[in-house]
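As stored in run.pdb (PDB, C-alpha atoms):
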```
ATOM      1  CA  MET A   8      25.460 -63.336  29.234  1.00  0.00           C
ATOM      2  CA  SER A   9      28.858 -62.163  30.474  1.00  0.00           C
ATOM      3  CA  ALA A  10      30.415 -63.596  33.627  1.00  0.00           C
ATOM      4  CA  SER A  11      29.814 -60.356  35.551  1.00  0.00           C
ATOM      5  CA  THR A  12      26.187 -60.215  34.384  1.00  0.00           C
ATOM      6  CA  ALA A  13      25.676 -63.864  35.358  1.00  0.00           C
ATOM      7  CA  THR A  14      27.199 -63.232  38.795  1.00  0.00           C
ATOM      8  CA  THR A  15      25.027 -60.166  39.315  1.00  0.00           C
ATOM      9  CA  ARG A  16      21.918 -62.101  38.264  1.00  0.00           C
ATOM     10  CA  ALA A  17      22.825 -65.013  40.562  1.00  0.00           C
ATOM     11  CA  LEU A  18      23.234 -62.666  43.534  1.00  0.00           C
ATOM     12  CA  LEU A  19      20.003 -60.846  42.715  1.00  0.00           C
ATOM     13  CA  LEU A  20      18.139 -64.151  42.388  1.00  0.00           C
ATOM     14  CA  ALA A  21      19.563 -65.465  45.672  1.00  0.00           C
ATOM     15  CA  ALA A  22      18.415 -62.314  47.470  1.00  0.00           C
ATOM     16  CA  TYR A  23      14.992 -62.506  45.826  1.00  0.00           C
ATOM     17  CA  LEU A  24      14.496 -66.140  46.826  1.00  0.00           C
ATOM     18  CA  ALA A  25      15.642 -65.445  50.386  1.00  0.00           C
ATOM     19  CA  GLY A  26      12.843 -62.903  50.669  1.00  0.00           C
ATOM     20  CA  TRP A  27      10.296 -65.569  49.737  1.00  0.00           C
ATOM     21  CA  HIS A  28      11.429 -68.375  52.047  1.00  0.00           C
ATOM     22  CA  ALA A  29       9.354 -67.094  54.952  1.00  0.00           C
ATOM     23  CA  ARG A  30       6.237 -66.477  52.854  1.00  0.00           C
ATOM     24  CA  ARG A  31       3.422 -68.980  52.723  1.00  0.00           C
ATOM     25  CA  PHE A  32       1.462 -69.747  49.570  1.00  0.00           C
ATOM     26  CA  ASP A  33      -1.699 -67.658  49.341  1.00  0.00           C
ATOM     27  CA  TRP A  34      -3.900 -67.510  46.251  1.00  0.00           C
ATOM     28  CA  ALA A  35      -4.547 -63.778  46.690  1.00  0.00           C
ATOM     29  CA  ARG A  36      -1.044 -62.539  47.571  1.00  0.00           C
ATOM     30  CA  ALA A  37       1.588 -65.228  47.133  1.00  0.00           C
ATOM     31  CA  ASN A  38       0.909 -67.775  44.409  1.00  0.00           C
ATOM     32  CA  CYS A  39       3.389 -69.186  41.899  1.00  0.00           C
ATOM     33  CA  CYS A  40       2.551 -66.584  39.252  1.00  0.00           C
ATOM     34  CA  GLN A  41       3.068 -63.721  41.681  1.00  0.00           C
ATOM     35  CA  PHE A  42       6.326 -65.345  42.808  1.00  0.00           C
ATOM     36  CA  ALA A  43       7.562 -65.528  39.207  1.00  0.00           C
ATOM     37  CA  ALA A  44       6.223 -62.083  38.226  1.00  0.00           C
ATOM     38  CA  GLY A  45       7.954 -60.544  41.223  1.00  0.00           C
ATOM     39  CA  TRP A  46      11.225 -62.004  39.990  1.00  0.00           C
ATOM     40  CA  VAL A  47      10.625 -60.642  36.486  1.00  0.00           C
ATOM     41  CA  ALA A  48       9.940 -57.202  37.982  1.00  0.00           C
ATOM     42  CA  GLU A  49      13.098 -57.433  40.083  1.00  0.00           C
ATOM     43  CA  ALA A  50      15.255 -58.544  37.151  1.00  0.00           C
ATOM     44  CA  THR A  51      13.810 -56.294  34.438  1.00  0.00           C
ATOM     45  CA  GLY A  52      11.832 -53.504  36.082  1.00  0.00           C
ATOM     46  CA  ARG A  53       8.622 -54.689  34.380  1.00  0.00           C
ATOM     47  CA  ASP A  54       5.806 -56.419  36.234  1.00  0.00           C
ATOM     48  CA  PRO A  55       4.042 -58.804  33.825  1.00  0.00           C
ATOM     49  CA  MET A  56       1.036 -59.067  36.160  1.00  0.00           C
ATOM     50  CA  ARG A  57       0.524 -55.334  36.538  1.00  0.00           C
ATOM     51  CA  GLY A  58      -3.129 -54.449  36.128  1.00  0.00           C
ATOM     52  CA  LEU A  59      -4.463 -57.991  36.422  1.00  0.00           C
ATOM     53  CA  PRO A  60      -7.359 -58.627  38.808  1.00  0.00           C
ATOM     54  CA  ALA A  61      -6.800 -60.374  42.126  1.00  0.00           C
ATOM     55  CA  THR A  62      -7.209 -64.138  42.283  1.00  0.00           C
ATOM     56  CA  PRO A  63      -8.266 -64.949  45.853  1.00  0.00           C
ATOM     57  CA  THR A  64      -8.998 -68.610  45.109  1.00  0.00           C
ATOM     58  CA  GLN A  65      -7.714 -71.400  42.890  1.00  0.00           C
ATOM     59  CA  HIS A  66     -10.943 -71.170  40.908  1.00  0.00           C
ATOM     60  CA  ALA A  67     -10.432 -67.430  40.300  1.00  0.00           C
ATOM     61  CA  ALA A  68      -6.819 -68.038  39.248  1.00  0.00           C
ATOM     62  CA  ARG A  69      -7.864 -70.735  36.779  1.00  0.00           C
ATOM     63  CA  ARG A  70     -10.602 -68.513  35.388  1.00  0.00           C
ATOM     64  CA  LEU A  71      -8.092 -65.677  34.824  1.00  0.00           C
ATOM     65  CA  VAL A  72      -5.589 -68.031  33.175  1.00  0.00           C
ATOM     66  CA  LEU A  73      -8.253 -69.366  30.828  1.00  0.00           C
ATOM     67  CA  HIS A  74      -9.303 -65.790  29.995  1.00  0.00           C
ATOM     68  CA  LEU A  75      -5.687 -64.823  29.219  1.00  0.00           C
ATOM     69  CA  GLY A  76      -5.056 -67.569  26.728  1.00  0.00           C
ATOM     70  CA  GLY A  77      -6.645 -70.904  27.467  1.00  0.00           C
ATOM     71  CA  SER A  78      -3.697 -72.480  29.262  1.00  0.00           C
ATOM     72  CA  LEU A  79      -1.134 -71.359  31.800  1.00  0.00           C
ATOM     73  CA  ALA A  80       1.553 -71.614  29.097  1.00  0.00           C
ATOM     74  CA  ASP A  81      -0.468 -69.373  26.776  1.00  0.00           C
ATOM     75  CA  ALA A  82      -1.112 -66.887  29.601  1.00  0.00           C
ATOM     76  CA  CYS A  83       2.612 -66.748  30.420  1.00  0.00           C
ATOM     77  CA  THR A  84       3.490 -66.200  26.759  1.00  0.00           C
ATOM     78  CA  ARG A  85       0.951 -63.396  26.521  1.00  0.00           C
ATOM     79  CA  MET A  86       1.980 -61.675  29.756  1.00  0.00           C
ATOM     80  CA  LEU A  87       5.713 -61.986  29.094  1.00  0.00           C
ATOM     81  CA  GLY A  88       5.367 -60.917  25.472  1.00  0.00           C
ATOM     82  CA  SER A  89       7.811 -63.493  24.173  1.00  0.00           C
ATOM     83  CA  PRO A  90       7.476 -67.014  22.820  1.00  0.00           C
ATOM     84  CA  PRO A  91       8.472 -69.994  24.920  1.00  0.00           C
ATOM     85  CA  ILE A  92      11.837 -71.682  24.508  1.00  0.00           C
ATOM     86  CA  GLU A  93      12.788 -75.303  25.087  1.00  0.00           C
ATOM     87  CA  PRO A  94      13.213 -75.966  28.823  1.00  0.00           C
ATOM     88  CA  ALA A  95      16.667 -77.432  28.102  1.00  0.00           C
ATOM     89  CA  HIS A  96      17.704 -73.928  26.966  1.00  0.00           C
ATOM     90  CA  ALA A  97      16.482 -72.156  30.110  1.00  0.00           C
ATOM     91  CA  GLY A  98      19.183 -70.245  31.917  1.00  0.00           C
ATOM     92  CA  LEU A  99      19.624 -68.716  35.318  1.00  0.00           C
ATOM     93  CA  GLY A 100      16.621 -66.558  36.124  1.00  0.00           C
ATOM     94  CA  ASP A 101      14.467 -67.658  33.208  1.00  0.00           C
ATOM     95  CA  LEU A 102      10.933 -68.853  33.948  1.00  0.00           C
ATOM     96  CA  VAL A 103       9.797 -72.433  33.511  1.00  0.00           C
ATOM     97  CA  LEU A 104       6.404 -74.097  33.690  1.00  0.00           C
ATOM     98  CA  LEU A 105       6.372 -77.302  35.689  1.00  0.00           C
ATOM     99  CA  PRO A 106       3.456 -79.713  35.214  1.00  0.00           C
ATOM    100  CA  VAL A 107       1.085 -80.178  38.140  1.00  0.00           C
ATOM    101  CA  SER A 108      -2.002 -81.784  36.609  1.00  0.00           C
ATOM    102  CA  ALA A 109      -3.697 -82.315  33.273  1.00  0.00           C
ATOM    103  CA  HIS A 110      -5.871 -79.206  33.641  1.00  0.00           C
ATOM    104  CA  PRO A 111      -4.657 -76.578  31.105  1.00  0.00           C
ATOM    105  CA  ALA A 112      -4.775 -73.810  33.703  1.00  0.00           C
ATOM    106  CA  SER A 113      -2.643 -75.829  36.124  1.00  0.00           C
ATOM    107  CA  GLY A 114       1.071 -75.863  36.572  1.00  0.00           C
ATOM    108  CA  ALA A 115       3.708 -74.153  38.634  1.00  0.00           C
ATOM    109  CA  VAL A 116       5.539 -71.184  37.193  1.00  0.00           C
ATOM    110  CA  ALA A 117       9.045 -71.475  38.597  1.00  0.00           C
ATOM    111  CA  ILE A 118      12.381 -69.675  38.362  1.00  0.00           C
ATOM    112  CA  CYS A 119      15.289 -71.496  36.755  1.00  0.00           C
ATOM    113  CA  GLY A 120      18.335 -71.804  38.955  1.00  0.00           C
ATOM    114  CA  GLY A 121      20.228 -74.033  36.546  1.00  0.00           C
ATOM    115  CA  ARG A 122      19.611 -77.760  36.761  1.00  0.00           C
ATOM    116  CA  LEU A 123      16.976 -77.108  39.412  1.00  0.00           C
ATOM    117  CA  SER A 124      14.188 -74.534  39.418  1.00  0.00           C
ATOM    118  CA  ALA A 125      12.610 -72.829  42.430  1.00  0.00           C
ATOM    119  CA  ALA A 126       8.846 -73.316  42.640  1.00  0.00           C
ATOM    120  CA  LEU A 127       6.502 -71.877  45.253  1.00  0.00           C
ATOM    121  CA  THR A 128       4.197 -74.668  46.404  1.00  0.00           C
ATOM    122  CA  GLN A 129       1.051 -74.678  48.505  1.00  0.00           C
ATOM    123  CA  GLY A 130       2.281 -77.097  51.123  1.00  0.00           C
ATOM    124  CA  ALA A 131       6.060 -76.874  51.250  1.00  0.00           C
ATOM    125  CA  GLY A 132       6.935 -73.279  50.354  1.00  0.00           C
ATOM    126  CA  ILE A 133       9.820 -73.023  47.892  1.00  0.00           C
ATOM    127  CA  VAL A 134      11.002 -76.353  46.569  1.00  0.00           C
ATOM    128  CA  TRP A 135      13.687 -77.123  43.991  1.00  0.00           C
ATOM    129  CA  LEU A 136      12.604 -79.341  41.112  1.00  0.00           C
ATOM    130  CA  PRO A 137      14.465 -80.540  37.997  1.00  0.00           C
ATOM    131  CA  THR A 138      14.377 -77.869  35.310  1.00  0.00           C
ATOM    132  CA  LEU A 139      14.227 -80.548  32.618  1.00  0.00           C
ATOM    133  CA  SER A 140      10.840 -81.664  33.984  1.00  0.00           C
ATOM    134  CA  ALA A 141       9.427 -78.339  32.741  1.00  0.00           C
ATOM    135  CA  VAL A 142       7.072 -78.330  29.776  1.00  0.00           C
ATOM    136  CA  HIS A 143       7.783 -74.722  28.704  1.00  0.00           C
ATOM    137  CA  ALA A 144      10.300 -71.971  29.482  1.00  0.00           C
ATOM    138  CA  TRP A 145      10.656 -68.244  28.789  1.00  0.00           C
ATOM    139  CA  ARG A 146      13.807 -66.195  28.561  1.00  0.00           C
ATOM    140  CA  ILE A 147      13.913 -63.295  31.027  1.00  0.00           C
ATOM    141  CA  ASP A 148      16.436 -60.854  29.652  1.00  0.00           C
ATOM    142  CA  GLY A 149      14.588 -57.588  29.831  1.00  0.00           C
ATOM    143  CA  GLU A 150      13.974 -57.523  26.085  1.00  0.00           C
ATOM    144  CA  GLY A 151      10.657 -58.331  24.503  1.00  0.00           C
ATOM    145  CA  LEU A 152       8.690 -58.252  27.730  1.00  0.00           C
ATOM    146  CA  ALA A 153       5.255 -56.723  27.442  1.00  0.00           C
ATOM    147  CA  ALA A 154       5.229 -53.236  28.888  1.00  0.00           C
TER     148      ALA A 154
END
```

Mind turning this structure into structure tokens?
Amino acid sequence: MSASTATTRALLLAAYLAGWHARRFDWARANCCQFAAGWVAEATGRDPMRGLPATPTQHAARRLVLHLGGSLADACTRMLGSPPIEPAHAGLGDLVLLPVSAHPASGAVAICGGRLSAALTQGAGIVWLPTLSAVHAWRIDGEGLAA
């Protein structure tokens, strides 16, 4: 990524995150997957969650994740259309999966900001967590994303 592209992406990401700071977590309209998918749409013009059914509850979200691949990591891989990369290789604007519990449909899909990643949480809104605590990551470069 060139310096000008990185600067543009950083500014775009900062503006995107600023728009989410006032939003509260809501399973139907503002969960971590919608937070991450909105960023992908902003950065690439493609919404990886387009056409998926609503998930008004945690149970509905878990059921959809299991239907899409068995785990949240598998669902992300399927919806993004690209294989995961090592979290240590995640760059600015890439997506990462942070562990939340042992349930395969659990986790927090977050946006890499460098050493820290922005995650939308139920209780605290957007929090910044160490990127290297992620268990999976996906490159968001506009190429290879499922249409």

Can you translate the PyMOL selection byres ((chain A and resi 59) around 12) into the concrete residues it hits in this file, as a JSON list (two decimals) with C-alpha atoms, keeping the file's coordinate frame?
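As a result, part.json now contains:
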```json
[["chain", "number", "residue", "atom", "x", "y", "z"],
["A", 35, "ALA", "CA", -4.55, -63.78, 46.69],
["A", 40, "CYS", "CA", 2.55, -66.58, 39.25],
["A", 41, "GLN", "CA", 3.07, -63.72, 41.68],
["A", 44, "ALA", "CA", 6.22, -62.08, 38.23],
["A", 54, "ASP", "CA", 5.81, -56.42, 36.23],
["A", 55, "PRO", "CA", 4.04, -58.80, 33.83],
["A", 56, "MET", "CA", 1.04, -59.07, 36.16],
["A", 57, "ARG", "CA", 0.52, -55.33, 36.54],
["A", 58, "GLY", "CA", -3.13, -54.45, 36.13],
["A", 60, "PRO", "CA", -7.36, -58.63, 38.81],
["A", 61, "ALA", "CA", -6.80, -60.37, 42.13],
["A", 62, "THR", "CA", -7.21, -64.14, 42.28],
["A", 67, "ALA", "CA", -10.43, -67.43, 40.30],
["A", 68, "ALA", "CA", -6.82, -68.04, 39.25],
["A", 71, "LEU", "CA", -8.09, -65.68, 34.82],
["A", 72, "VAL", "CA", -5.59, -68.03, 33.17],
["A", 74, "HIS", "CA", -9.30, -65.79, 30.00],
["A", 75, "LEU", "CA", -5.69, -64.82, 29.22],
["A", 82, "ALA", "CA", -1.11, -66.89, 29.60],
["A", 86, "MET", "CA", 1.98, -61.68, 29.76]]
```

- Using the chain letters and numbers from the file, which residues does the PyMOL selection byres ((chain A and resi 101-103) around 6) grab, as a list in words? Ala97, Gly98, Leu99, Gly100, Leu104, Val116, Ala117, Ile118, Cys119, Ala141, His143, Ala144, Trp145, Arg146 and Ile147 of chain A

- Message: For the provided coordinates, the residues matched by the PyMOL selection byres ((chain A and resi 23) around 12) should be stated as a ChimeraX atom specification.
- Response: /A:16-22,24-30,42-50,100,118,125,133

At a cut-off of 8 Å around the point (7.5, -72.9, 49.2) (file coordinates), what residues fall inside when counting only C-alpha atoms? I'd like the answer as a tab-separated table (two decimals) with C-alpha atoms, in the frame of the given file.
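As written to disk, result-v5.tsv reads:
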```
chain	number	residue	atom	x	y	z
A	27	TRP	CA	10.30	-65.57	49.74
A	28	HIS	CA	11.43	-68.38	52.05
A	30	ARG	CA	6.24	-66.48	52.85
A	31	ARG	CA	3.42	-68.98	52.72
A	32	PHE	CA	1.46	-69.75	49.57
A	126	ALA	CA	8.85	-73.32	42.64
A	127	LEU	CA	6.50	-71.88	45.25
A	128	THR	CA	4.20	-74.67	46.40
A	129	GLN	CA	1.05	-74.68	48.50
A	130	GLY	CA	2.28	-77.10	51.12
A	131	ALA	CA	6.06	-76.87	51.25
A	132	GLY	CA	6.94	-73.28	50.35
A	133	ILE	CA	9.82	-73.02	47.89
A	134	VAL	CA	11.00	-76.35	46.57
```

- Query: Distance atom CA of Trp135 of chain A-atom CA of Gly120 of chain A, one decimal place?
  - Reply: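 Interatomic distance, atom CA of Trp135 of chain A to atom CA of Gly120 of chain A: 8.7 Å.
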
- Task: Using all atoms listed in the file, collect all residues at a distance of at most 8 Å from (1.0, -76.9, 27.7) as written in the file, then present them as a list in words.
- Result: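 Result, sorted by chain then residue number: Ser78, Leu79, Ala80, Asp81, Pro111, Val142 and His143 of chain A.
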
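Across the model, the gap from atom CA of Ala10 of chain A to atom CA of Thr84 of chain A is 27.9 Å.
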
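Across the model, the gap from atom CA of Arg122 of chain A to atom CA of Ser140 of chain A is 10.0 Å.
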
Starting from the incomplete input, reconstruct N, CA and C atoms of segment 44-71 of chain A and report them as a PDB file, in the frame of the given file.
```pdb
ATOM      1  N   ALA A  44       6.346 -63.454  38.722  1.00  0.00           N
ATOM      2  CA  ALA A  44       6.223 -62.083  38.226  1.00  0.00           C
ATOM      3  C   ALA A  44       7.047 -61.117  39.070  1.00  0.00           C
ATOM      4  N   GLY A  45       7.119 -61.376  40.357  1.00  0.00           N
ATOM      5  CA  GLY A  45       7.954 -60.544  41.223  1.00  0.00           C
ATOM      6  C   GLY A  45       9.421 -60.630  40.823  1.00  0.00           C
ATOM      7  N   TRP A  46       9.858 -61.838  40.458  1.00  0.00           N
ATOM      8  CA  TRP A  46      11.225 -62.004  39.990  1.00  0.00           C
ATOM      9  C   TRP A  46      11.441 -61.245  38.681  1.00  0.00           C
ATOM     10  N   VAL A  47      10.497 -61.359  37.760  1.00  0.00           N
ATOM     11  CA  VAL A  47      10.625 -60.642  36.486  1.00  0.00           C
ATOM     12  C   VAL A  47      10.726 -59.142  36.749  1.00  0.00           C
ATOM     13  N   ALA A  48       9.895 -58.629  37.648  1.00  0.00           N
ATOM     14  CA  ALA A  48       9.940 -57.202  37.982  1.00  0.00           C
ATOM     15  C   ALA A  48      11.288 -56.828  38.597  1.00  0.00           C
ATOM     16  N   GLU A  49      11.795 -57.678  39.450  1.00  0.00           N
ATOM     17  CA  GLU A  49      13.098 -57.433  40.083  1.00  0.00           C
ATOM     18  C   GLU A  49      14.228 -57.434  39.050  1.00  0.00           C
ATOM     19  N   ALA A  50      14.172 -58.377  38.130  1.00  0.00           N
ATOM     20  CA  ALA A  50      15.255 -58.544  37.151  1.00  0.00           C
ATOM     21  C   ALA A  50      15.182 -57.548  35.997  1.00  0.00           C
ATOM     22  N   THR A  51      13.963 -57.104  35.647  1.00  0.00           N
ATOM     23  CA  THR A  51      13.810 -56.294  34.438  1.00  0.00           C
ATOM     24  C   THR A  51      13.177 -54.929  34.677  1.00  0.00           C
ATOM     25  N   GLY A  52      12.545 -54.749  35.824  1.00  0.00           N
ATOM     26  CA  GLY A  52      11.832 -53.504  36.082  1.00  0.00           C
ATOM     27  C   GLY A  52      10.418 -53.493  35.532  1.00  0.00           C
ATOM     28  N   ARG A  53       9.980 -54.597  34.939  1.00  0.00           N
ATOM     29  CA  ARG A  53       8.622 -54.689  34.380  1.00  0.00           C
ATOM     30  C   ARG A  53       7.838 -55.795  35.079  1.00  0.00           C
ATOM     31  N   ASP A  54       6.667 -55.449  35.555  1.00  0.00           N
ATOM     32  CA  ASP A  54       5.806 -56.419  36.234  1.00  0.00           C
ATOM     33  C   ASP A  54       4.806 -56.982  35.230  1.00  0.00           C
ATOM     34  N   PRO A  55       4.956 -58.243  34.826  1.00  0.00           N
ATOM     35  CA  PRO A  55       4.042 -58.804  33.825  1.00  0.00           C
ATOM     36  C   PRO A  55       2.613 -58.982  34.327  1.00  0.00           C
ATOM     37  N   MET A  56       2.390 -58.909  35.626  1.00  0.00           N
ATOM     38  CA  MET A  56       1.036 -59.067  36.160  1.00  0.00           C
ATOM     39  C   MET A  56       0.387 -57.735  36.518  1.00  0.00           C
ATOM     40  N   ARG A  57       1.057 -56.655  36.223  1.00  0.00           N
ATOM     41  CA  ARG A  57       0.524 -55.334  36.538  1.00  0.00           C
ATOM     42  C   ARG A  57      -0.841 -55.149  35.862  1.00  0.00           C
ATOM     43  N   GLY A  58      -1.799 -54.726  36.656  1.00  0.00           N
ATOM     44  CA  GLY A  58      -3.129 -54.449  36.128  1.00  0.00           C
ATOM     45  C   GLY A  58      -4.062 -55.644  36.082  1.00  0.00           C
ATOM     46  N   LEU A  59      -3.576 -56.823  36.427  1.00  0.00           N
ATOM     47  CA  LEU A  59      -4.463 -57.991  36.422  1.00  0.00           C
ATOM     48  C   LEU A  59      -5.313 -58.010  37.691  1.00  0.00           C
ATOM     49  N   PRO A  60      -6.509 -58.557  37.616  1.00  0.00           N
ATOM     50  CA  PRO A  60      -7.359 -58.627  38.808  1.00  0.00           C
ATOM     51  C   PRO A  60      -6.809 -59.630  39.819  1.00  0.00           C
ATOM     52  N   ALA A  61      -7.203 -59.456  41.058  1.00  0.00           N
ATOM     53  CA  ALA A  61      -6.800 -60.374  42.126  1.00  0.00           C
ATOM     54  C   ALA A  61      -7.402 -61.752  41.889  1.00  0.00           C
ATOM     55  N   THR A  62      -6.719 -62.760  42.383  1.00  0.00           N
ATOM     56  CA  THR A  62      -7.209 -64.138  42.283  1.00  0.00           C
ATOM     57  C   THR A  62      -7.204 -64.757  43.679  1.00  0.00           C
ATOM     58  N   PRO A  63      -8.262 -64.500  44.465  1.00  0.00           N
ATOM     59  CA  PRO A  63      -8.266 -64.949  45.853  1.00  0.00           C
ATOM     60  C   PRO A  63      -8.447 -66.451  46.051  1.00  0.00           C
ATOM     61  N   THR A  64      -8.796 -67.167  44.996  1.00  0.00           N
ATOM     62  CA  THR A  64      -8.998 -68.610  45.109  1.00  0.00           C
ATOM     63  C   THR A  64      -8.373 -69.320  43.901  1.00  0.00           C
ATOM     64  N   GLN A  65      -8.214 -70.619  44.018  1.00  0.00           N
ATOM     65  CA  GLN A  65      -7.714 -71.400  42.890  1.00  0.00           C
ATOM     66  C   GLN A  65      -8.667 -71.285  41.703  1.00  0.00           C
ATOM     67  N   HIS A  66      -9.950 -71.301  41.976  1.00  0.00           N
ATOM     68  CA  HIS A  66     -10.943 -71.170  40.908  1.00  0.00           C
ATOM     69  C   HIS A  66     -10.786 -69.834  40.175  1.00  0.00           C
ATOM     70  N   ALA A  67     -10.609 -68.754  40.917  1.00  0.00           N
ATOM     71  CA  ALA A  67     -10.432 -67.430  40.300  1.00  0.00           C
ATOM     72  C   ALA A  67      -9.146 -67.386  39.479  1.00  0.00           C
ATOM     73  N   ALA A  68      -8.085 -68.011  39.982  1.00  0.00           N
ATOM     74  CA  ALA A  68      -6.819 -68.038  39.248  1.00  0.00           C
ATOM     75  C   ALA A  68      -6.976 -68.815  37.941  1.00  0.00           C
ATOM     76  N   ARG A  69      -7.639 -69.951  37.996  1.00  0.00           N
ATOM     77  CA  ARG A  69      -7.864 -70.735  36.779  1.00  0.00           C
ATOM     78  C   ARG A  69      -8.719 -69.975  35.774  1.00  0.00           C
ATOM     79  N   ARG A  70      -9.731 -69.289  36.270  1.00  0.00           N
ATOM     80  CA  ARG A  70     -10.602 -68.513  35.388  1.00  0.00           C
ATOM     81  C   ARG A  70      -9.798 -67.410  34.686  1.00  0.00           C
ATOM     82  N   LEU A  71      -8.917 -66.729  35.418  1.00  0.00           N
ATOM     83  CA  LEU A  71      -8.092 -65.677  34.824  1.00  0.00           C
ATOM     84  C   LEU A  71      -7.131 -66.266  33.790  1.00  0.00           C
TER      85      LEU A  71
END
```
